[in-house]
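Encoded as structure tokens, the structure appears first; notes follow it.
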Amino acid sequence: MTEFPVRPAVAEDYEEMGALFAGAMLFESSVDDLGRRLFEPERALAATDGAELVGTTRALTRDLSVPGAVVPAAHVTGVGVRATHRRRGLMAELITRQLREVPEAIAVLWASESGIYGRFGYGAAAFGTSYEVDLHRVGPSSVRTRPGEISVLSAADALKELPSLHRNLQERRPGVSGRSDLLWEQRLTDKPDDRGGMTAREILVHRDETGTIDGYALWRGKMGWGPTGPASEVQVEELVAVEPAAYRALWQHLLTLDLAATLRFGFAATDEPLQQLVTTPTALNRRVTESLWLRVTDVARALEQRRYAVAVDLVFEVTDEVIPANAGRFRLAADGPAVRCERTEDTADLSLSVTELGAAYLGGRRLAEFAATGRVIEHTPGTLTLATAAFGWPIAPASIEIF
């Protein structure tokens, strides 16, 4: 416990909490009606020093795709402490209380400082790829798999058309967060002050031969000139297309825009198919970094919510220093859609902490990876190989937005 009381937030805290978080992150705070409507005070915590608010954390009510399912997940955001109150245990108090109180079996976040959250049982569960594409060298393929058409959609029409495409991606790829109508409205809002000197956002869609929209891309540009002529920039904010023809056509369009020299895309998956559509992959200039961090808050419920790549029947011994109720032995029995996880007194096959469990939960990291450093311990020969195969997934997890 710290000397500063922590309480649930109230609606009137919205502006002050936003200003505190913005100050901690060194950006300008903005207040609007949409943000106020999205604020969930009952899911936010506030630390106070007298009448002053000095620390915050929030959780958003959203779902998340996991291997074989879409489940509720506490989306943690707005974690910040006033600069005058650092190094006094405030962040630890806020994060610990939040994790013990969230009703979901898992919590996720994007870490501004990755060194912080491992202390609280979060594990880096998804990695993202950032591209800075040299458009003069990349050599996009011109092959089309079937007829189709590229066109532009208004924001009003996009609010009707895009959610189902996003949901299709969510049902296919782990790590994708669901969006309510309000979140879609926020995603498609395009204020001039938020453009960073770039053009207004264009909503690009692909229609198949029947006229049905089966893919979209959100992008904007910025004019530029170099010593040899035009050198404009293309910024791709989001691209969603499950159908191969739509995916190929959207990228073909974006990689061949006139006057452009550089394309940037910050939310690609580690197995992004774009790598297959160019003749010079080195021109993609890829950088892989941690994206989604995941924390299991209820071991048995979390393990029952996802599906497994192969049948498994194993006992895990889990340690958890933050949520003592998570500690103990659990038998996981899974075969296709039939999954059961419950406490047991049986001898453990594998031992690990809740951190490794969270890191492997989305199927993007292997339990065997952690055995190499002693963070996962095999007690029954052969069970590490089985568990690693079971927790794996054929499609890499990817988060396509920072929340």
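By convention here, the chains of the structure tokens are called A, B, ... in the order presented, each chain's residues are numbered starting at 1, and ligands are numbered starting at 1 in the order presented.
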Find the residues of segment 231-326 of chain A that sit at most 10 Å from segment 57-69 of chain A; for each, write down the nearest two atoms and how far apart they are in Å, to one decimal. Count only C-alpha atoms. Sort by chain, then by number going up, and give it as CSV.
```
residue,atom,partner,partner_atom,distance
A:Gln305,CA,A:Ala69,CA,7.1
A:Arg306,CA,A:Pro67,CA,5.5
A:Arg307,CA,A:Gly68,CA,5.0
A:Tyr308,CA,A:Pro67,CA,7.2
A:Ala309,CA,A:Pro67,CA,8.6
```
Within 12 Å of segment 163-168 of chain A, counting only C-alpha atoms, which residues qualify if same-chain residues fewer than 3 places away don't, as a ChimeraX atom specification?
/A:63-65,69-70,157-160,171-174,176-185,187-188,205-206,212-217,238-243,246,400-401
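Within the 12 Å cut-off around Glu202 of chain A, using only C-alpha atoms and omitting residues fewer than 2 positions from it on the same chain, the listed residues are A:Ser151, A:Val152, A:Leu153, A:Ser154, A:Ala155, A:Ala158, A:Leu188, A:Thr189, A:Asp190, A:Arg195, A:Met198, A:Thr199, A:Ala200, A:Leu204, A:Val205, A:Tyr216, A:Ala217, A:Leu218, A:Trp219, A:Arg220, A:Gly221, A:Val234, A:Gln235, A:Val236, A:Glu237, A:Glu238, A:Leu239, A:Leu254.
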Have a look at atom CA of Glu149 of chain A and atom CA of Glu209 of chain A and let me know their distance in Å, one decimal.
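Computing the Euclidean distance for atom CA of Glu149 of chain A and atom CA of Glu209 of chain A yields 7.7 Å.
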As a check of understanding: the span from atom CA of Thr279 of chain A to atom CA of Pro230 of chain A is 22.8 Å
Nearest candidate to Ala19 of chain A (options A:Gly55, A:Gly211, A:Gly148, A:Gly226; using only C-alpha atoms):
A:Gly55
Pick out the residues sitting within 9 Å of Ile323 of chain A, and hand them over as a PyMOL selection string; count only C-alpha atoms, and ignore anything fewer than 5 positions along from it in its own chain.
chain A and resi 96+99-100+297-298
One residue among A:Asp335, A:Glu52, A:Glu342, A:Glu3 is nearest to Arg88 of chain A when using only C-alpha atoms, and that residue is A:Glu3
Between A:Met25, A:Leu303, A:Asp320, A:Val296, which is the closest to Val339 of chain A once you count only C-alpha atoms?
A:Leu303
Alpha helix (DSSP H) per DSSP on the backbone: members of segment 228-259 of chain A, as a list of chain:residue names:
A:Pro244, A:Ala245, A:Ala246, A:Tyr247, A:Arg248, A:Ala249, A:Leu250, A:Trp251, A:Gln252, A:His253, A:Leu254
I'd like the neighbourhood of His136 of chain A as a ChimeraX atom specification, where a residue qualifies if any of its atoms comes within 10 Å (using only C-alpha atoms), though same-chain residues fewer than 3 positions away should be ignored.
/A:133,139-140,231,255-256,260-262,283
Find the spatial neighbours of segment 101-108 of chain A, counting only C-alpha atoms, within a cut-off of 6 Å - ignore same-chain residues fewer than 3 positions away - and output them as a ChimeraX atom specification.
/A:73-76,98,293-298,302
Residue nearest Asp349 of chain A among A:Thr385, A:Ser232, A:Asn326, A:Ser112 (counting only C-alpha atoms):
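Closest to Asp349 of chain A, using only C-alpha atoms: A:Thr385.
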Given the choices A:Ala83, A:Leu53, A:Val6, A:Leu263, which gets closest to Gly23 of chain A if the distance is worked out from only C-alpha atoms?
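Among the listed residues, the smallest separation from Gly23 of chain A belongs to A:Ala83.
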DSSP on the backbone, strand (DSSP E or B) only: what residues of segment 28-268 of chain A does that give? Format it as a PyMOL selection string.
chain A and resi 44-49+52-66+69-81+106-110+123-124+127-134+140+149-153+177+202-207+213-222+225-226+229-230+232-240+260-268
